[in-house]
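Raw contents of coords-v5.csv, CSV, C-alpha atoms:
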```
chain,number,residue,atom,x,y,z
A,1,MET,CA,175.3,25.9,8.5
A,2,THR,CA,178.6,24.1,8.2
A,3,GLN,CA,180.8,24.4,5.1
A,4,PRO,CA,181.2,21.5,2.7
A,5,ASN,CA,184.6,19.9,3.5
A,6,LYS,CA,186.3,17.0,1.7
A,7,PRO,CA,187.1,14.3,4.2
A,8,THR,CA,190.8,14.1,5.1
A,9,GLU,CA,193.1,11.1,4.7
A,10,SER,CA,193.1,10.5,8.5
A,11,ASP,CA,189.3,10.0,8.4
A,12,ASN,CA,189.4,7.1,6.0
A,13,PRO,CA,192.5,6.6,3.8
A,14,GLU,CA,190.8,4.3,1.3
A,15,LEU,CA,187.9,6.6,0.7
A,16,TYR,CA,190.3,9.6,0.6
A,17,ALA,CA,192.3,7.9,-2.2
A,18,LYS,CA,189.1,7.1,-4.0
A,19,MET,CA,188.0,10.7,-3.9
A,20,LEU,CA,191.4,11.9,-5.3
A,21,SER,CA,191.1,9.5,-8.2
A,22,THR,CA,187.4,10.1,-9.0
A,23,PRO,CA,186.6,13.2,-11.1
A,24,LEU,CA,183.7,15.4,-10.2
A,25,THR,CA,180.5,14.7,-12.1
A,26,GLU,CA,178.5,17.5,-13.7
A,27,ASP,CA,176.1,17.3,-10.8
A,28,ASP,CA,179.0,17.7,-8.4
A,29,LYS,CA,180.3,20.8,-10.2
A,30,ALA,CA,176.8,22.3,-10.1
A,31,VAL,CA,176.6,21.7,-6.4
A,32,LEU,CA,179.9,23.3,-5.7
A,33,ALA,CA,179.1,26.3,-8.0
A,34,ARG,CA,175.9,26.8,-6.1
A,35,HIS,CA,177.9,26.8,-2.8
A,36,GLU,CA,180.4,29.3,-4.2
A,37,GLU,CA,177.4,31.6,-5.0
A,38,PHE,CA,176.2,31.1,-1.5
A,39,LYS,CA,179.5,32.1,-0.1
A,40,LYS,CA,179.8,35.2,-2.3
A,41,TRP,CA,176.3,36.6,-1.9
A,42,ASP,CA,174.4,34.9,1.0
A,43,SER,CA,176.8,33.9,3.7
A,44,GLY,CA,177.2,37.3,5.4
A,45,TYR,CA,174.7,36.5,8.1
A,46,PHE,CA,176.7,33.3,8.9
A,47,LEU,CA,180.0,35.1,9.3
A,48,LEU,CA,178.5,38.0,11.3
A,49,GLN,CA,176.8,35.6,13.8
A,50,ARG,CA,179.9,33.4,14.0
A,51,THR,CA,182.2,36.3,14.8
A,52,ARG,CA,180.2,39.3,16.2
A,53,PRO,CA,176.9,38.0,17.3
A,54,GLN,CA,176.2,40.7,19.8
A,55,THR,CA,176.3,43.4,17.1
A,56,ILE,CA,173.3,42.0,15.3
A,57,ALA,CA,171.7,41.0,18.6
A,58,TYR,CA,171.2,44.7,19.6
A,59,SER,CA,169.7,45.5,16.2
A,60,LEU,CA,167.3,42.5,16.3
A,61,ALA,CA,166.2,43.3,19.9
A,62,ASP,CA,165.6,47.0,19.0
A,63,SER,CA,163.5,46.7,15.9
A,64,PRO,CA,160.7,44.2,15.1
A,65,LEU,CA,160.8,45.4,11.5
A,66,GLY,CA,164.6,44.9,11.3
A,67,MET,CA,164.1,41.4,12.7
A,68,LEU,CA,161.4,40.7,10.1
A,69,ALA,CA,163.7,41.7,7.3
A,70,TRP,CA,166.6,39.7,8.7
A,71,ILE,CA,164.6,36.5,9.0
A,72,TYR,CA,162.3,36.8,6.0
A,73,GLU,CA,165.3,37.2,3.7
A,74,LYS,CA,166.6,33.8,4.7
A,75,LEU,CA,163.1,32.2,4.6
A,76,HIS,CA,162.7,33.6,1.0
A,77,ASP,CA,166.1,32.9,-0.4
A,78,PHE,CA,166.8,29.5,1.1
A,79,THR,CA,163.4,27.8,0.3
A,80,ASP,CA,162.3,26.3,-3.0
A,81,ASN,CA,159.7,28.9,-4.1
A,82,TYR,CA,157.7,28.3,-1.0
A,83,SER,CA,154.6,30.5,-0.8
A,84,TRP,CA,154.9,32.0,2.7
A,85,GLN,CA,151.6,33.1,4.2
A,86,ASP,CA,151.4,36.1,6.5
A,87,ASP,CA,150.4,34.0,9.5
A,88,GLU,CA,153.3,31.7,8.9
A,89,LEU,CA,155.8,34.6,8.8
A,90,LEU,CA,154.3,36.1,11.9
A,91,THR,CA,154.6,32.8,13.8
A,92,TRP,CA,158.3,32.6,12.9
A,93,ILE,CA,158.9,36.2,14.0
A,94,SER,CA,156.9,35.8,17.2
A,95,ILE,CA,158.9,32.8,18.2
A,96,TYR,CA,162.0,34.9,18.1
A,97,TRP,CA,160.5,38.1,19.5
A,98,PHE,CA,158.5,36.7,22.4
A,99,SER,CA,160.9,33.9,23.5
A,100,THR,CA,162.3,34.2,27.0
A,101,ALA,CA,165.8,34.5,25.7
A,102,GLY,CA,164.8,37.2,23.2
A,103,PRO,CA,165.7,37.8,19.5
A,104,GLY,CA,169.4,38.4,20.4
A,105,ALA,CA,169.9,34.8,21.5
A,106,PRO,CA,169.9,32.8,18.2
A,107,PRO,CA,172.9,34.6,16.7
A,108,ARG,CA,175.1,33.5,19.7
A,109,ILE,CA,174.5,29.8,18.7
A,110,TYR,CA,176.8,30.3,15.7
A,111,TYR,CA,179.5,31.9,17.9
A,112,GLU,CA,179.3,29.1,20.5
A,113,PHE,CA,179.4,26.4,17.9
A,114,PHE,CA,182.7,27.6,16.5
A,115,ASN,CA,184.4,28.9,19.5
A,116,LYS,CA,183.8,26.1,22.0
A,117,GLU,CA,186.5,24.0,23.6
A,118,PRO,CA,186.5,21.1,23.1
A,119,VAL,CA,185.2,21.5,19.5
A,120,SER,CA,181.4,21.5,19.4
A,121,GLU,CA,179.3,18.7,18.0
A,122,ILE,CA,178.2,20.6,14.9
A,123,VAL,CA,181.8,21.2,13.9
A,124,GLN,CA,182.5,17.5,14.5
A,125,SER,CA,179.6,16.6,12.2
A,126,GLY,CA,181.9,17.0,9.3
A,127,ARG,CA,184.0,14.1,10.5
A,128,TRP,CA,183.6,10.3,10.2
A,129,ALA,CA,180.9,8.9,12.4
A,130,ASP,CA,180.5,5.2,12.9
A,131,ALA,CA,176.7,5.2,12.8
A,132,PRO,CA,174.1,4.5,10.2
A,133,LEU,CA,173.5,7.7,8.2
A,134,GLY,CA,170.8,8.9,6.0
A,135,VAL,CA,171.4,11.6,3.3
A,136,ALA,CA,168.6,13.8,2.1
A,137,ARG,CA,169.5,16.2,-0.7
A,138,PHE,CA,167.3,19.2,-1.6
A,139,PRO,CA,167.9,21.2,-4.8
A,140,LYS,CA,167.7,24.6,-3.2
A,141,GLU,CA,169.9,23.8,-0.2
A,142,PRO,CA,172.8,26.3,-0.5
A,143,SER,CA,175.5,23.9,0.9
A,144,ASN,CA,175.0,20.5,-0.6
A,145,LEU,CA,178.1,18.2,-1.0
A,146,PRO,CA,179.3,16.4,-4.0
A,147,LYS,CA,177.8,12.9,-3.8
A,148,LEU,CA,181.1,11.0,-3.1
A,149,TRP,CA,182.0,13.4,-0.3
A,150,HIS,CA,179.0,12.3,1.7
A,151,GLU,CA,180.6,8.9,2.1
A,152,GLY,CA,183.3,10.5,4.2
A,153,LEU,CA,180.7,11.2,6.9
A,154,GLY,CA,180.0,7.6,7.8
A,155,PRO,CA,178.2,4.5,6.5
A,156,ILE,CA,175.3,5.7,4.4
A,157,VAL,CA,172.3,3.4,4.7
A,158,GLN,CA,169.7,5.6,2.9
A,159,TRP,CA,170.0,8.2,0.2
A,160,THR,CA,167.2,10.3,-0.9
A,161,GLU,CA,167.2,12.9,-3.7
A,162,PHE,CA,164.2,15.1,-3.2
A,163,PRO,CA,162.7,16.8,-6.3
A,164,ARG,CA,162.1,20.0,-4.4
A,165,GLY,CA,162.9,21.7,-1.1
A,166,GLY,CA,165.6,23.9,0.4
A,167,HIS,CA,167.3,24.8,3.7
A,168,PHE,CA,164.0,24.9,5.5
A,169,SER,CA,162.7,21.7,3.9
A,170,ALA,CA,161.4,20.3,7.2
A,171,TYR,CA,158.9,23.1,7.1
A,172,GLU,CA,158.3,23.1,3.4
A,173,MET,CA,157.5,19.4,3.1
A,174,PRO,CA,157.2,17.8,6.5
A,175,VAL,CA,155.0,14.9,5.3
A,176,GLU,CA,157.7,13.7,2.8
A,177,ILE,CA,160.5,14.0,5.3
A,178,VAL,CA,158.7,12.2,8.1
A,179,ALA,CA,158.0,9.4,5.6
A,180,GLU,CA,161.7,9.1,4.8
A,181,VAL,CA,162.7,9.0,8.5
A,182,ARG,CA,160.2,6.3,9.2
A,183,ARG,CA,161.5,4.3,6.2
A,184,MET,CA,165.1,4.6,7.5
A,185,TYR,CA,164.2,3.5,11.0
A,186,GLY,CA,161.5,1.0,10.1
A,187,LYS,CA,161.9,-2.7,10.4
A,188,ASP,CA,163.2,-3.0,6.9
A,189,GLY,CA,165.2,0.3,6.9
A,190,GLY,CA,168.9,0.7,7.0
A,191,ALA,CA,168.9,1.9,10.6
A,192,ALA,CA,166.5,-0.6,12.0
A,193,GLY,CA,167.6,-1.8,15.4
A,194,VAL,CA,170.2,0.9,15.8
A,195,VAL,CA,168.7,1.8,19.2
A,196,THR,CA,169.5,-1.0,21.7
A,197,GLY,CA,166.3,-2.9,22.6
A,198,LEU,CA,164.3,-1.5,19.8
A,199,SER,CA,163.9,-3.4,16.5
A,200,GLY,CA,162.5,-0.6,14.4
A,201,TYR,CA,159.1,0.9,13.7
A,202,ASP,CA,156.4,-1.2,12.1
```

Is it possible to give me this structure as structure tokens?
Amino acid sequence: MTQPNKPTESDNPELYAKMLSTPLTEDDKAVLARHEEFKKWDSGYFLLQRTRPQTIAYSLADSPLGMLAWIYEKLHDFTDNYSWQDDELLTWISIYWFSTAGPGAPPRIYYEFFNKEPVSEIVQSGRWADAPLGVARFPKEPSNLPKLWHEGLGPIVQWTEFPRGGHFSAYEMPVEIVAEVRRMYGKDGGAAGVVTGLSGYD
């Protein structure tokens, strides 16, 4: 999970000036306050995996119960009151436990993302990208951005404020998200024709 960053002057000078002169809305302040709470109480897993992934890897590989606690905490805290069923939880845990790489592999992703040379794609995702972008905001996502800051990521062609959902929204509400993706890449969508030779879905 990347941290919200205000775009810099070198990314887009005009937009940067606009951001400096535009006060935060009440919604923006609430979003940043939620992020500060996340950093204070819920970001320990992120920092540990980013800096010492092998430490937690040994623990996860040694104890199925420990891995269940580690993963379920995030599934519970980062969703929008989603009612997890036992079979769903066991499926998530099994994917980690029985994978070829094993439960110690996922923590290393965070380390590799932030210690790669050249800088990894996920770190670069906070910079300007000259491609049609869609923004989907979910009320229980811990690291949303103030609305204006999104414009520093690239040309936004679709903006959706979902009434529910969190960090695992693709699992919580897959039908709604697929519908938004289809709308964005459809023939009348903002990203129609972005792929050479393809004009968009019907």

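With CA of Arg164 (chain A) on one side and CA of Pro142 (chain A) on the other, the separation reads 13.0 Å.
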
Point to revise | Distance in Å - CA of Tyr45 (chain A) versus CA of Ala170 (chain A) | key: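 CA of Tyr45 (chain A) sits 21.0 Å away from CA of Ala170 (chain A).
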
**Study point:** Distance in Å - CA of Phe38 (chain A) versus CA of Leu68 (chain A)
**Key:**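 Separation between CA of Phe38 (chain A) and CA of Leu68 (chain A): 21.1 Å.
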
Practice item. Kindly indicate which residue among A:Asp80, A:Asp27, A:Glu73, A:Glu112 lies nearest to His167 (chain A), using all atoms listed in the file for the distances. Key: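 Checking each candidate against His167 (chain A), we get A:Asp80 as the closest.
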
Kindly provide, as AutoDock Vina command-line options, the centre and edge lengths (Å, one decimal) of an axis-aligned box around all atoms of region 87-98 of chain A given in the file, with 8 Å on each side.
```
--center_x 156.2 --center_y 34.9 --center_z 15.6 --size_x 27.6 --size_y 22.4 --size_z 29.6
```

Exercise for review: Check the smallest atom-to-atom distance from each of A:Pro107, A:Gly197, A:Gly66, A:Gly152 to Leu47 (chain A) using all atoms listed in the file, then report the winner.
Suggested key: A:Pro107

**Study point:** region 50-63 of chain A surroundings by all atoms listed in the file, 9 Å radius, close-in-sequence under 2 positions cut, as a ChimeraX atom specification
**Key:** /A:45-48,65-68,70,97,102-115

Point to revise | Option closest in space to Lys18 (chain A), from A:Lys40, A:Glu151, A:Trp128, A:Tyr96 [counting all atoms listed in the file] | key: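 Smallest separation from Lys18 (chain A) among the options: A:Glu151.
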
**Study point:** Nearest-residue call for Leu75 (chain A), choices A:Ser43, A:Ser99, A:Ser143, A:Ser169, using only C-alpha atoms
**Key:**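 Closest candidate: A:Ser169.
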
Review point. Which of these, A:Ala136, A:Asp42, A:Asp86, A:Val178, has the shortest distance to Lys74 (chain A) once you count all atoms listed in the file?
Key: A:Asp42

Exercise for review: Fewer than 5 positions away in the same chain doesn't count, so skip those; otherwise give me all residues within 10 Å of Tyr72 (chain A), counting only C-alpha atoms, as a PyMOL selection string.
Suggested key: chain A and resi 66-67+77-78+84+89-90+92-93

Point to revise | Of the listed residues A:Gln158, A:Glu141, A:Leu20, A:Leu148, that which approaches Glu37 (chain A) most closely, counting all atoms listed in the file | key: A:Glu141
